[in-house]
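Chemist: This is coords-v9.csv (CSV, C-alpha atoms).
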chain,number,residue,atom,x,y,z
N,169,LEU,CA,-5.6,9.7,-3.0
N,170,LEU,CA,-3.0,11.2,-5.4
N,171,LYS,CA,-0.1,13.1,-4.0
N,172,TYR,CA,1.6,15.2,-6.6
N,173,ARG,CA,5.0,16.8,-5.9
N,174,PHE,CA,5.0,19.3,-8.7
N,175,HIS,CA,8.1,20.9,-10.3
N,176,LYS,CA,9.3,23.7,-8.0
N,177,GLN,CA,10.3,26.6,-10.2
N,178,TYR,CA,12.6,28.1,-7.6
N,179,ARG,CA,14.8,25.1,-7.6
N,180,HIS,CA,17.6,24.2,-10.0
N,181,PRO,CA,16.0,21.6,-12.4
N,182,SER,CA,18.4,18.7,-11.8
N,183,LEU,CA,18.3,19.2,-8.1
N,184,ASP,CA,14.5,19.4,-8.2
N,185,THR,CA,14.2,16.1,-10.1
N,186,SER,CA,16.5,14.1,-7.8
N,187,LEU,CA,14.9,15.7,-4.7
N,188,THR,CA,11.4,14.9,-5.8
N,189,LYS,CA,12.4,11.3,-6.7
N,190,SER,CA,14.0,10.7,-3.3
N,191,ARG,CA,11.1,12.3,-1.4
N,192,VAL,CA,8.5,10.1,-3.1
N,193,ALA,CA,10.7,7.1,-2.7
N,194,GLY,CA,11.3,7.9,1.0
N,195,GLU,CA,7.6,8.3,1.7
N,196,ALA,CA,6.8,5.0,0.0
N,197,ARG,CA,9.5,3.1,1.8
N,198,ALA,CA,8.4,4.5,5.2
N,199,ILE,CA,4.9,3.5,4.5
N,200,ILE,CA,5.7,-0.1,3.4
N,201,ARG,CA,7.9,-0.4,6.5
N,202,CYS,CA,5.0,0.6,8.7
N,203,LEU,CA,2.7,-1.8,6.9
N,204,ARG,CA,5.0,-4.8,7.5
N,205,HIS,CA,5.1,-3.9,11.1
N,206,GLY,CA,1.4,-3.7,11.6
N,207,VAL,CA,1.1,0.1,11.9
N,208,ASN,CA,-2.2,1.5,10.5
N,209,VAL,CA,-1.3,3.5,7.4
N,210,PRO,CA,-2.8,4.0,4.0
N,211,GLY,CA,-1.8,1.3,1.5
N,212,ILE,CA,0.2,2.3,-1.6
N,213,ARG,CA,-1.5,2.0,-4.9
N,214,MET,CA,0.9,3.5,-7.5
N,215,VAL,CA,4.3,5.1,-7.5
N,216,ASP,CA,5.9,7.2,-10.2
N,217,ALA,CA,8.9,8.8,-8.6
N,218,ALA,CA,10.2,10.4,-11.8
N,219,GLU,CA,7.0,12.4,-12.1
N,220,GLY,CA,6.6,13.0,-8.4
N,221,ILE,CA,3.4,11.0,-8.1
N,222,LEU,CA,2.3,8.8,-5.2
N,223,VAL,CA,-1.1,7.2,-5.2
N,224,LEU,CA,-2.3,6.0,-1.8
N,225,GLU,CA,-5.4,4.2,-0.4
N,226,TRP,CA,-8.2,6.7,0.3
N,227,ILE,CA,-9.1,6.6,4.0
N,228,GLU,CA,-12.7,7.3,4.7
N,229,GLY,CA,-12.8,9.0,8.1
N,230,GLN,CA,-12.2,12.1,10.1
N,231,SER,CA,-9.1,13.6,11.5
N,232,VAL,CA,-8.5,13.6,15.3
N,233,ARG,CA,-7.9,17.3,14.9
N,234,TYR,CA,-11.5,17.7,13.7
N,235,LEU,CA,-13.0,15.4,16.3
N,236,LEU,CA,-11.2,17.0,19.3
N,237,GLY,CA,-12.0,20.4,18.1
N,238,GLY,CA,-10.2,23.5,19.1
N,239,GLY,CA,-11.0,27.1,19.7
N,240,PHE,CA,-11.7,27.8,16.0
N,241,ILE,CA,-13.6,24.8,14.8
N,242,VAL,CA,-17.4,25.5,14.5
N,243,ARG,CA,-19.5,22.5,15.4
N,244,ILE,CA,-21.5,22.3,12.2
N,245,ARG,CA,-24.8,20.3,12.2
N,246,CYS,CA,-23.5,17.7,9.8
N,247,SER,CA,-23.4,14.1,10.9
N,248,PRO,CA,-20.0,12.8,11.6
N,249,TRP,CA,-19.5,9.1,12.1
N,250,TYR,CA,-17.9,9.6,15.4
N,251,ALA,CA,-18.4,11.8,18.3
N,252,LEU,CA,-15.9,11.9,21.0
N,253,GLN,CA,-17.9,11.7,24.1
N,254,LEU,CA,-17.6,14.4,26.6
N,255,THR,CA,-20.9,14.2,28.4
N,256,THR,CA,-23.9,12.7,26.8
N,257,SER,CA,-23.9,10.7,23.6
N,258,PRO,CA,-25.9,12.0,20.6
N,259,SER,CA,-28.0,9.3,18.8
N,260,GLY,CA,-27.2,7.8,15.5
N,261,MET,CA,-23.4,8.3,15.8
N,262,ILE,CA,-20.6,6.1,16.9
N,263,THR,CA,-19.4,7.3,20.3
N,264,LEU,CA,-15.9,6.9,21.5
N,265,LEU,CA,-14.4,8.1,24.6
N,266,GLU,CA,-11.6,10.6,24.0
N,267,ASP,CA,-9.4,8.6,26.2
N,268,ALA,CA,-9.9,5.5,24.0
N,269,VAL,CA,-8.8,7.4,20.9
N,270,MET,CA,-5.7,8.7,22.8
N,271,ARG,CA,-4.8,5.2,23.6
N,272,MET,CA,-5.1,4.2,20.0
N,273,ILE,CA,-2.8,7.0,19.1
N,274,GLY,CA,-0.2,6.0,21.6
N,275,SER,CA,-0.4,2.4,20.4
N,276,GLU,CA,0.1,3.3,16.7
N,277,ILE,CA,3.0,5.6,17.4
N,278,ALA,CA,4.7,3.0,19.5
N,279,LYS,CA,4.3,0.4,16.8
N,280,MET,CA,5.8,2.9,14.4
N,281,HIS,CA,8.8,3.6,16.6
N,282,ARG,CA,9.3,-0.1,17.2
N,283,ALA,CA,9.7,-0.3,13.4
N,284,ASP,CA,12.3,2.5,13.7
N,285,VAL,CA,10.2,4.8,11.6
N,286,ILE,CA,10.2,8.5,12.6
N,287,HIS,CA,7.1,10.3,11.3
N,288,GLY,CA,8.6,13.8,11.4
N,289,ASP,CA,5.3,15.7,11.5
N,290,LEU,CA,3.1,14.2,14.2
N,291,THR,CA,0.0,16.3,14.6
N,292,THR,CA,-3.7,15.5,15.2
N,293,SER,CA,-4.3,16.6,11.6
N,294,ASN,CA,-2.2,13.6,10.4
N,295,MET,CA,-4.3,11.1,12.3
N,296,LEU,CA,-7.6,9.8,10.9
N,297,LEU,CA,-10.2,7.6,12.6
N,298,ARG,CA,-11.2,5.3,9.8
N,299,ARG,CA,-15.0,4.8,9.2
N,300,PRO,CA,-15.6,1.1,10.1
N,301,ASN,CA,-16.4,-0.6,6.9
N,302,PRO,CA,-15.5,-4.2,6.0
N,303,PRO,CA,-12.9,-5.4,5.6
N,304,LYS,CA,-11.0,-2.8,7.6
N,305,GLY,CA,-12.8,-1.9,10.8
N,306,LEU,CA,-12.4,0.9,13.3
N,307,GLN,CA,-8.8,2.1,13.1
N,308,LEU,CA,-6.6,5.0,14.0
N,309,VAL,CA,-4.6,5.7,10.8
N,310,LEU,CA,-1.4,7.7,10.6
N,311,ILE,CA,-1.0,9.6,7.4
N,312,ASP,CA,1.4,12.0,5.6
N,313,PHE,CA,4.8,10.4,5.7
N,314,GLY,CA,6.3,13.0,3.6
N,315,LEU,CA,8.9,14.0,6.2
N,316,ALA,CA,9.4,10.5,7.6
N,317,TYR,CA,12.7,8.7,7.9
N,318,THR,CA,14.3,5.6,9.4
N,319,SER,CA,16.1,5.9,12.7
N,320,ALA,CA,16.7,3.8,15.8
N,321,LEU,CA,17.9,6.8,17.8
N,322,VAL,CA,16.2,7.5,21.1
N,323,GLU,CA,16.6,11.2,20.4
N,324,ASP,CA,14.6,11.1,17.2
N,325,LYS,CA,11.8,9.1,18.8
N,326,ALA,CA,11.7,11.5,21.8
N,327,VAL,CA,11.6,14.5,19.4
N,328,ASP,CA,8.8,12.9,17.4
N,329,LEU,CA,6.7,12.6,20.6
N,330,TYR,CA,7.7,16.2,21.7
N,331,VAL,CA,6.4,17.5,18.4
N,332,LEU,CA,3.1,15.9,19.0
N,333,GLU,CA,3.0,17.2,22.6
N,334,ARG,CA,3.5,20.7,21.3
N,335,ALA,CA,0.9,20.2,18.6
N,336,PHE,CA,-1.7,19.1,21.2
N,337,ALA,CA,-1.0,22.0,23.4
N,338,SER,CA,-1.2,24.6,20.7
N,339,THR,CA,-4.3,23.2,18.8
N,340,HIS,CA,-6.4,21.7,21.6
N,341,PRO,CA,-6.8,23.8,24.7
N,342,ALA,CA,-6.4,22.1,28.1
N,343,SER,CA,-5.3,18.8,26.6
N,344,GLU,CA,-2.5,17.8,28.9
N,345,SER,CA,-4.4,14.9,30.3
N,346,LEU,CA,-5.2,13.7,26.8
N,347,PHE,CA,-1.6,13.6,25.9
N,348,ALA,CA,-0.8,11.8,29.1
N,349,SER,CA,-3.1,9.0,27.9
N,350,VAL,CA,-1.2,8.9,24.6
N,351,LEU,CA,2.0,8.4,26.5
N,352,LYS,CA,0.6,5.8,28.8
N,353,ALA,CA,-0.6,3.7,25.9
N,354,TYR,CA,2.8,4.3,24.2
N,355,GLU,CA,4.6,3.1,27.2
N,356,GLU,CA,2.5,-0.1,27.4
N,357,ARG,CA,3.1,-0.9,23.8
N,358,MET,CA,6.8,0.1,23.8
N,359,GLY,CA,8.0,-2.2,26.6
N,360,ARG,CA,11.6,-1.9,27.8
N,361,ASP,CA,12.6,0.9,25.4
N,362,TRP,CA,10.2,3.3,27.1
N,363,LYS,CA,12.6,4.2,29.9
N,364,ALA,CA,15.3,5.6,27.7
N,365,ILE,CA,12.8,7.4,25.5
N,366,SER,CA,11.0,8.9,28.5
N,367,ARG,CA,14.2,10.3,29.9
N,368,ARG,CA,15.1,11.8,26.6
N,369,LEU,CA,11.7,13.3,26.3
N,370,ASP,CA,12.2,15.1,29.6
N,371,ASP,CA,15.5,16.4,28.3
N,372,VAL,CA,14.0,17.6,25.0
N,373,ARG,CA,11.2,19.4,26.9
N,374,LEU,CA,13.8,21.2,28.9
N,375,ARG,CA,16.1,22.3,26.1
N,376,GLY,CA,13.9,22.2,23.0
N,377,ARG,CA,14.3,20.3,19.7
N,378,LYS,CA,17.5,20.2,17.6
N,379,ARG,CA,19.7,21.1,20.5
N,380,SER,CA,21.7,17.9,20.8
N,381,MET,CA,24.7,19.9,22.1
N,382,VAL,CA,27.3,18.2,19.9
N,383,GLY,CA,29.5,20.7,18.2
O,295,MET,CA,-14.6,-12.2,-18.3
O,296,GLN,CA,-14.3,-8.7,-17.1
O,297,THR,CA,-13.0,-5.6,-18.9
O,298,PHE,CA,-11.5,-2.6,-17.1
O,299,ARG,CA,-11.0,0.7,-19.0
O,300,TYR,CA,-8.3,3.2,-18.1
O,301,ASP,CA,-9.0,6.3,-20.3
O,302,HIS,CA,-6.0,8.2,-18.9
O,303,PHE,CA,-3.7,5.8,-20.7
O,304,PRO,CA,-3.0,5.9,-24.5
O,305,LEU,CA,-5.8,4.3,-26.4
O,306,ASP,CA,-3.9,1.2,-27.6
O,307,VAL,CA,-3.4,0.1,-24.0
O,308,SER,CA,-6.5,1.5,-22.4
O,309,CYS,CA,-8.6,-1.7,-22.2
O,310,VAL,CA,-7.7,-4.6,-19.9
O,311,HIS,CA,-9.6,-7.9,-20.3
O,312,VAL,CA,-9.3,-10.4,-17.5
O,313,GLY,CA,-10.6,-14.0,-17.5
O,314,LEU,CA,-10.3,-16.4,-14.6
O,315,PHE,CA,-10.1,-20.0,-15.7
O,316,THR,CA,-10.5,-22.9,-13.2
O,317,ASN,CA,-10.2,-26.6,-13.8
O,318,VAL,CA,-7.6,-25.9,-16.5
O,319,THR,CA,-6.5,-29.1,-18.2
O,320,ASN,CA,-4.1,-27.9,-20.9
O,321,ALA,CA,-1.5,-26.0,-18.9
O,322,ALA,CA,1.5,-28.0,-20.2
O,323,GLN,CA,0.4,-27.7,-23.8
O,324,LEU,CA,-0.3,-24.0,-23.4
O,325,ARG,CA,3.1,-23.4,-22.0
O,326,ALA,CA,4.8,-25.4,-24.8
O,327,ARG,CA,2.7,-23.4,-27.3
O,328,LEU,CA,3.9,-20.1,-25.7
O,329,ILE,CA,7.6,-21.2,-26.0
O,330,GLN,CA,7.0,-22.4,-29.6
O,331,ALA,CA,5.3,-19.2,-30.6
O,332,SER,CA,8.4,-17.2,-29.7
O,333,LEU,CA,10.6,-19.4,-32.0
O,334,ILE,CA,8.5,-19.7,-35.2
O,335,GLN,CA,9.6,-17.2,-37.9
O,336,GLY,CA,7.5,-15.4,-40.5
O,337,GLU,CA,3.8,-15.0,-41.0
O,338,ALA,CA,2.8,-18.3,-39.5
O,339,GLY,CA,4.7,-17.3,-36.4
O,340,ASP,CA,2.9,-14.0,-36.3
O,341,VAL,CA,-0.5,-15.7,-36.4
O,342,GLU,CA,0.5,-18.1,-33.6
O,343,ARG,CA,1.9,-15.3,-31.5
O,344,GLU,CA,-1.3,-13.3,-31.9
O,345,ALA,CA,-3.4,-16.4,-30.8
O,346,VAL,CA,-1.5,-16.6,-27.5
O,347,ASN,CA,-1.1,-12.8,-27.1
O,348,PHE,CA,-2.1,-12.8,-23.4
O,349,ALA,CA,-0.5,-12.7,-20.0
O,350,PHE,CA,-1.1,-16.0,-18.3
O,351,VAL,CA,-0.8,-15.7,-14.6
O,352,GLU,CA,-0.9,-18.4,-11.9
O,353,ALA,CA,-4.1,-17.6,-10.2
O,354,ARG,CA,-3.1,-19.1,-6.9
O,355,LEU,CA,-0.5,-16.4,-6.4
O,356,ILE,CA,-2.9,-13.5,-6.7
O,357,SER,CA,-4.1,-12.2,-3.4
O,358,SER,CA,-6.9,-10.1,-4.7
O,359,ILE,CA,-8.2,-8.4,-7.9
O,360,LEU,CA,-6.6,-5.2,-6.7
O,361,HIS,CA,-3.3,-7.1,-6.6
O,362,LEU,CA,-3.6,-8.0,-10.2
O,363,GLN,CA,-4.9,-4.5,-11.2
O,364,THR,CA,-1.9,-2.8,-9.5
O,365,ALA,CA,0.5,-5.0,-11.5
O,366,VAL,CA,-1.4,-4.4,-14.7
O,367,VAL,CA,-1.4,-0.6,-14.3
O,368,HIS,CA,2.3,-0.5,-13.6
O,369,ALA,CA,2.9,-2.6,-16.8
O,370,ILE,CA,0.8,-0.2,-18.8
O,371,LEU,CA,2.6,2.7,-17.3
O,372,ALA,CA,5.9,1.3,-18.3
O,373,GLN,CA,4.7,0.7,-21.8
O,374,ALA,CA,3.3,4.3,-22.1
O,375,GLN,CA,6.5,5.8,-20.7
O,376,GLY,CA,8.8,3.7,-22.8
O,377,SER,CA,10.4,2.0,-19.8
O,378,LEU,CA,9.5,-1.6,-20.3
O,379,ARG,CA,11.9,-4.0,-18.7
O,380,THR,CA,10.5,-7.0,-20.6
O,381,LYS,CA,9.6,-7.6,-24.2
O,382,THR,CA,5.9,-6.9,-24.1
O,383,VAL,CA,3.3,-5.3,-21.9
O,384,HIS,CA,2.0,-8.8,-21.1
O,385,SER,CA,5.3,-10.1,-19.9
O,386,GLU,CA,5.7,-6.8,-18.0
O,387,ILE,CA,2.7,-7.8,-15.8
O,388,LEU,CA,4.6,-10.9,-14.7
O,389,TRP,CA,7.7,-8.7,-14.0
O,390,ALA,CA,5.5,-6.3,-12.0
O,391,LEU,CA,4.2,-9.1,-9.8
O,392,SER,CA,7.6,-10.2,-8.8
O,393,PRO,CA,8.8,-8.5,-5.6
O,394,ASN,CA,12.5,-8.9,-6.4
O,395,ASN,CA,13.9,-5.9,-8.2
O,396,ASN,CA,17.2,-7.7,-8.9
O,397,ALA,CA,15.8,-11.1,-9.8
O,398,SER,CA,15.7,-12.0,-13.5
O,399,ILE,CA,12.7,-11.7,-15.7
O,400,THR,CA,12.9,-15.4,-16.4
O,401,GLU,CA,12.5,-16.0,-12.7
O,402,ALA,CA,9.4,-13.8,-12.5
O,403,ILE,CA,7.8,-15.6,-15.4
O,404,ARG,CA,8.7,-19.0,-14.0
O,405,ARG,CA,7.2,-18.1,-10.6
O,406,PHE,CA,4.1,-16.0,-11.5
O,407,GLY,CA,3.4,-17.4,-14.9
O,408,ILE,CA,1.9,-20.8,-15.5
O,409,SER,CA,3.6,-24.1,-14.9
O,410,ASP,CA,2.8,-27.5,-16.3
O,411,GLU,CA,0.8,-28.2,-13.1
O,412,THR,CA,-1.3,-25.0,-13.2
O,413,THR,CA,-5.0,-25.7,-12.8
O,414,ALA,CA,-6.2,-22.1,-12.2
O,415,LEU,CA,-5.0,-19.2,-14.3
O,416,LEU,CA,-5.8,-15.6,-15.2
O,417,ALA,CA,-5.7,-14.7,-18.8
O,418,ILE,CA,-5.1,-11.0,-19.4
O,419,ARG,CA,-5.2,-9.1,-22.6
O,420,ILE,CA,-4.3,-5.4,-22.9
O,421,SER,CA,-5.6,-3.8,-26.0
O,422,SER,CA,-7.3,-0.8,-27.6
O,423,PRO,CA,-11.1,-0.6,-27.3
O,424,ASP,CA,-11.6,-2.0,-30.9
O,425,LEU,CA,-10.4,-5.5,-30.2
O,426,THR,CA,-13.4,-7.8,-30.6
O,427,ASP,CA,-14.4,-11.1,-29.1
O,428,VAL,CA,-11.6,-11.2,-26.5
O,429,GLU,CA,-13.5,-13.9,-24.6
O,430,GLY,CA,-13.6,-16.1,-27.6
O,431,ARG,CA,-9.9,-15.7,-28.2
O,432,MET,CA,-9.2,-16.7,-24.6
O,433,ARG,CA,-11.5,-19.7,-24.8
O,434,ALA,CA,-9.7,-20.8,-28.0
O,435,VAL,CA,-6.4,-21.3,-26.2
O,436,VAL,CA,-7.4,-22.3,-22.6
O,437,SER,CA,-9.2,-25.5,-21.8
O,438,GLY,CA,-11.0,-24.8,-18.5
O,439,ASP,CA,-14.0,-23.2,-17.0
O,440,LEU,CA,-14.3,-19.4,-17.4
O,441,SER,CA,-15.4,-18.3,-14.0
O,442,ASN,CA,-16.4,-15.1,-12.3
O,443,LEU,CA,-13.5,-13.0,-11.0
O,444,ASN,CA,-14.9,-13.1,-7.5
O,445,GLU,CA,-14.0,-16.8,-7.3
O,446,LEU,CA,-10.4,-15.9,-7.2
O,447,ARG,CA,-10.4,-16.1,-3.5
O,448,GLN,CA,-11.3,-19.8,-3.6
O,449,VAL,CA,-7.9,-20.6,-5.2
O,450,THR,CA,-5.6,-18.3,-3.3
O,451,ASP,CA,-2.6,-20.1,-2.0
O,452,TRP,CA,-1.7,-17.9,1.0
O,453,THR,CA,1.2,-20.1,2.0
O,454,ASN,CA,3.1,-19.5,-1.2
O,455,ILE,CA,2.1,-15.8,-1.4
O,456,ARG,CA,3.6,-15.3,2.1
O,457,LYS,CA,6.7,-17.1,1.0
O,458,TYR,CA,7.4,-15.3,-2.2
O,459,TYR,CA,6.5,-11.8,-0.8
O,460,LYS,CA,8.5,-12.6,2.3
O,461,LEU,CA,5.6,-12.0,4.7
O,462,ASN,CA,6.6,-14.7,7.2
O,463,GLN,CA,9.1,-12.4,9.0
O,464,ASP,CA,6.7,-9.5,9.2
O,465,PRO,CA,5.6,-8.4,12.7
O,466,ALA,CA,2.3,-7.3,11.2
O,467,LEU,CA,1.2,-11.0,10.8
O,468,LYS,CA,2.7,-12.2,14.1
O,469,THR,CA,0.2,-10.6,16.4
O,470,PRO,CA,-1.2,-13.3,18.6
O,471,GLY,CA,-4.9,-14.2,18.1
O,472,LEU,CA,-5.3,-12.7,14.6
O,473,GLU,CA,-8.1,-14.5,12.8
O,474,GLU,CA,-7.4,-15.8,9.3
O,475,ALA,CA,-9.7,-13.3,7.6
O,476,ARG,CA,-7.8,-10.4,9.2
O,477,GLN,CA,-4.5,-12.0,8.3
O,478,HIS,CA,-5.5,-12.2,4.6
O,479,VAL,CA,-6.6,-8.5,4.6
O,480,ILE,CA,-3.2,-7.5,6.1
O,481,ALA,CA,-1.2,-9.8,3.8
O,482,ASP,CA,-3.1,-8.5,0.8
O,483,GLU,CA,-2.4,-4.9,1.7
O,484,ILE,CA,1.3,-5.6,2.0
O,485,VAL,CA,1.4,-7.5,-1.3
O,486,VAL,CA,-0.5,-4.8,-3.2
O,487,SER,CA,1.7,-2.0,-1.7
O,488,THR,CA,4.8,-4.0,-2.5
O,489,VAL,CA,3.8,-4.3,-6.1
O,490,ALA,CA,2.9,-0.6,-6.3
O,491,MET,CA,6.2,0.6,-4.9
O,492,LYS,CA,8.5,-1.8,-6.7
O,493,SER,CA,10.1,1.0,-8.7
O,494,VAL,CA,11.4,2.6,-5.5
O,495,LEU,CA,12.3,-0.5,-3.6
O,496,ALA,CA,15.7,0.2,-2.0
Go ahead and express the file in the form of structure tokens.

Modeler:
Amino acid sequence: LLKYRFHKQYRHPSLDTSLTKSRVAGEARAIIRCLRHGVNVPGIRMVDAAEGILVLEWIEGQSVRYLLGGGFIVRIRCSPWYALQLTTSPSGMITLLEDAVMRMIGSEIAKMHRADVIHGDLTTSNMLLRRPNPPKGLQLVLIDFGLAYTSALVEDKAVDLYVLERAFASTHPASESLFASVLKAYEERMGRDWKAISRRLDDVRLRGRKRSMVG
Amino acid sequence: MQTFRYDHFPLDVSCVHVGLFTNVTNAAQLRARLIQASLIQGEAGDVEREAVNFAFVEARLISSILHLQTAVVHAILAQAQGSLRTKTVHSEILWALSPNNNASITEAIRRFGISDETTALLAIRISSPDLTDVEGRMRAVVSGDLSNLNELRQVTDWTNIRKYYKLNQDPALKTPGLEEARQHVIADEIVVSTVAMKSVLA
């Protein structure tokens, strides 16, 4: 997969060059940090920061957004590798319980936060279920670290989760219980840091993002 | 011997020839020959330098063919962009393999190049498509068995790879109950990605 950050005409050239270089570098560094901490992310294959090019491992799979569906997704009669089981399981496909996938999501995000990496754009479109093929099997893969950064702050992790909560609510109707499963698995993987993050998350829910009230 | 073509690169660096040699017996002489070749002047020197115009890589420190290809592609890219950090595109491969941005080029060559004790090596030649009989040229300088690239996994020294790429501290490999095969896959992924992003390593 080749990500190309092309020259933005509306920016001043020297600003554009340094911005592009640091964005590409930032994305690559977030990914390698995740890799070293066991988070499922695409591997890096080539970096040319000066040209704004990042080549990543191609992940064969489907996004959780697609699998969960929403009001606007039409169920086309193609054969996905996965079907998230709601009632009966269709034949010839790998069936996973929605809840199982939610737990995988919670687990991956927890691993990522334990590495002090904030994704910055957590939505179900940025999560892929990898098609199980040797050597890498069934995995929930987080993608698109273009807005990612390093932070140990509880505030940033809580906001990261909040963004996902809002994404769930707006894209997938009646999904509160699904998100609850995500949080449960997150809590289990997080350990002792969960308490502080959980309290912050409640705060963020009340006041909204980017309202840290420090003047 | 296998040849990879990268047509998006300039023609003179578009072909990559790789040969895996096991049971190598002349590592010490080969190393001496490489050093000598850089010192001889004049036409005789040119002939000798051409004879050993390869990258010789310690095969035990390569975690997968992708690992090697990633380093090779970055070396070719540096050559094509005029940003070589070492003298030739072949020495650049050894530089690309080294995870330390600040370490010297000599250290990279010492670590990832061949030593007197090397028994398994990869000979790599980057050239234009017109270069003939690359395999013959390789066999002329290496005394060993030219094997299929797939046999690389038999010689992989995971202990040293983990040491040099600093994988021993990584939580990714510390999960309890991780079978060896899975560990190798994870280690290989980190190694490949590390080589790929060397230019932006903080």

Chemist: Taking only C-alpha atoms into account, which residues of chain O are within 7 Å of chain N, as a short mmCIF file (atom, residue, chain, number, x, y, z; two decimals) with C-alpha atoms, keeping the file's coordinate frame?

Modeler:
data_model
loop_
_atom_site.label_atom_id
_atom_site.label_comp_id
_atom_site.auth_asym_id
_atom_site.auth_seq_id
_atom_site.Cartn_x
_atom_site.Cartn_y
_atom_site.Cartn_z
CA THR O 364 -1.90 -2.80 -9.50
CA ASP O 464 6.70 -9.50 9.20
CA PRO O 465 5.60 -8.40 12.70
CA ALA O 466 2.30 -7.30 11.20
CA GLU O 483 -2.40 -4.90 1.70
CA ILE O 484 1.30 -5.60 2.00
CA SER O 487 1.70 -2.00 -1.70
CA ALA O 490 2.90 -0.60 -6.30
CA MET O 491 6.20 0.60 -4.90
CA VAL O 494 11.40 2.60 -5.50
#

Chemist: Restricting the calculation to all atoms listed in the file, which member of O:Gln335, O:Thr469, O:Asn347, O:Asn317 is positioned closest to O:Met432?

Modeler: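 The closest residue to O:Met432 is O:Asn347.
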
Chemist: Select all residues near (-15.4, 9.4, 8.8) (cut-off 6 Å, inclusive, file coordinates), counting all atoms listed in the file, and output them as a ChimeraX atom specification.

Modeler: /N:228-230,249,298-299

Chemist: Take the residues from that selection and put them in a file with C-alpha atoms, as a compact mmCIF listing (two decimals), in the frame of the given file.

Modeler:
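File written: result.txt
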# COMPACT_ATOMS: atom_id res chain seq x y z
CA GLU N 228 -12.70 7.30 4.70
CA GLY N 229 -12.80 9.00 8.10
CA GLN N 230 -12.20 12.10 10.10
CA TRP N 249 -19.50 9.10 12.10
CA ARG N 298 -11.20 5.30 9.80
CA ARG N 299 -15.00 4.80 9.20

Chemist: Stretch 285-290 of chain N: which residues within 6 Å, counting all atoms listed in the file, same-chain residues fewer than 4 positions away excluded, as a PDB file with C-alpha atoms, in the frame of the given file?

Modeler:
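Result written to selection38.pdb:
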ATOM      1  CA  MET N 280       5.800   2.900  14.400  1.00  0.00           C
ATOM      2  CA  HIS N 281       8.800   3.600  16.600  1.00  0.00           C
ATOM      3  CA  LEU N 315       8.900  14.000   6.200  1.00  0.00           C
ATOM      4  CA  ALA N 316       9.400  10.500   7.600  1.00  0.00           C
ATOM      5  CA  TYR N 317      12.700   8.700   7.900  1.00  0.00           C
ATOM      6  CA  THR N 318      14.300   5.600   9.400  1.00  0.00           C
ATOM      7  CA  LEU N 332       3.100  15.900  19.000  1.00  0.00           C
TER       8      LEU N 332
END

Chemist: Residues near O:Ser441, anyone? I mean within 8 Å using all atoms listed in the file, not counting same-chain ones fewer than 5 positions away, as a PyMOL selection string.

Modeler: chain O and resi 295+313-316

Chemist: Identify, on the basis of all atoms listed in the file, every residue whose closest approach to O:Ala374 does not exceed 7 Å; exclude the query and any residue fewer than 3 positions from it along the same chain; express the result as an MDAnalysis selection string.

Modeler: chainID O and resid 304 370:371

Chemist: Kindly give the distance, in Å, that separates atom CA of O:Leu461 and atom CA of O:Ser358, rounded to a single decimal.

Modeler: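 Calculated distance between atom CA of O:Leu461 and atom CA of O:Ser358 is 15.8 Å.
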
Chemist: Between atom CA of O:Arg325 and atom CA of O:Ser357, what is the distance, to one decimal in Å?

Modeler: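 Computing the Euclidean distance for atom CA of O:Arg325 and atom CA of O:Ser357 yields 22.9 Å.
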
Chemist: Determine, counting all atoms listed in the file, which protein, DNA and RNA residues have an atom within 10 Å of an atom of O:Thr382; residues of the same chain fewer than 5 positions away are not included. Present the result as an mmCIF file with C-alpha atoms, in the frame of the given file.

Modeler:
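Final output, result_27.cif:
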data_model
loop_
_atom_site.group_PDB
_atom_site.id
_atom_site.type_symbol
_atom_site.label_atom_id
_atom_site.label_comp_id
_atom_site.auth_asym_id
_atom_site.auth_seq_id
_atom_site.Cartn_x
_atom_site.Cartn_y
_atom_site.Cartn_z
ATOM 1 C CA ASN O 347 -1.100 -12.800 -27.100
ATOM 2 C CA PHE O 348 -2.100 -12.800 -23.400
ATOM 3 C CA ALA O 349 -0.500 -12.700 -20.000
ATOM 4 C CA ALA O 369 2.900 -2.600 -16.800
ATOM 5 C CA ILE O 370 0.800 -0.200 -18.800
ATOM 6 C CA GLN O 373 4.700 0.700 -21.800
ATOM 7 C CA ILE O 387 2.700 -7.800 -15.800
#

Chemist: Quick one: pull the distance between atom CA of O:Cys309 and atom CA of O:His368, Å, one decimal.

Modeler: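 Between these atoms lies a distance of 13.9 Å.
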
Chemist: With a distance cut-off of 6 Å and all atoms listed in the file, select the neighbouring residues of stretch 353-355 of chain O, excluding the residue or stretch itself and same-chain residues fewer than 5 positions from it, and output the selection as a list in words.

Modeler: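 In the requested format, the answer is Ala414, Leu415, Leu416, Val449, Thr450, Asp451 and Ile455 of chain O.
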
Chemist: Okay, now the selection with C-alpha atoms, as a tab-separated table (two decimals), in the coordinates of the input?

Modeler:
chain	number	residue	atom	x	y	z
O	414	ALA	CA	-6.20	-22.10	-12.20
O	415	LEU	CA	-5.00	-19.20	-14.30
O	416	LEU	CA	-5.80	-15.60	-15.20
O	449	VAL	CA	-7.90	-20.60	-5.20
O	450	THR	CA	-5.60	-18.30	-3.30
O	451	ASP	CA	-2.60	-20.10	-2.00
O	455	ILE	CA	2.10	-15.80	-1.40
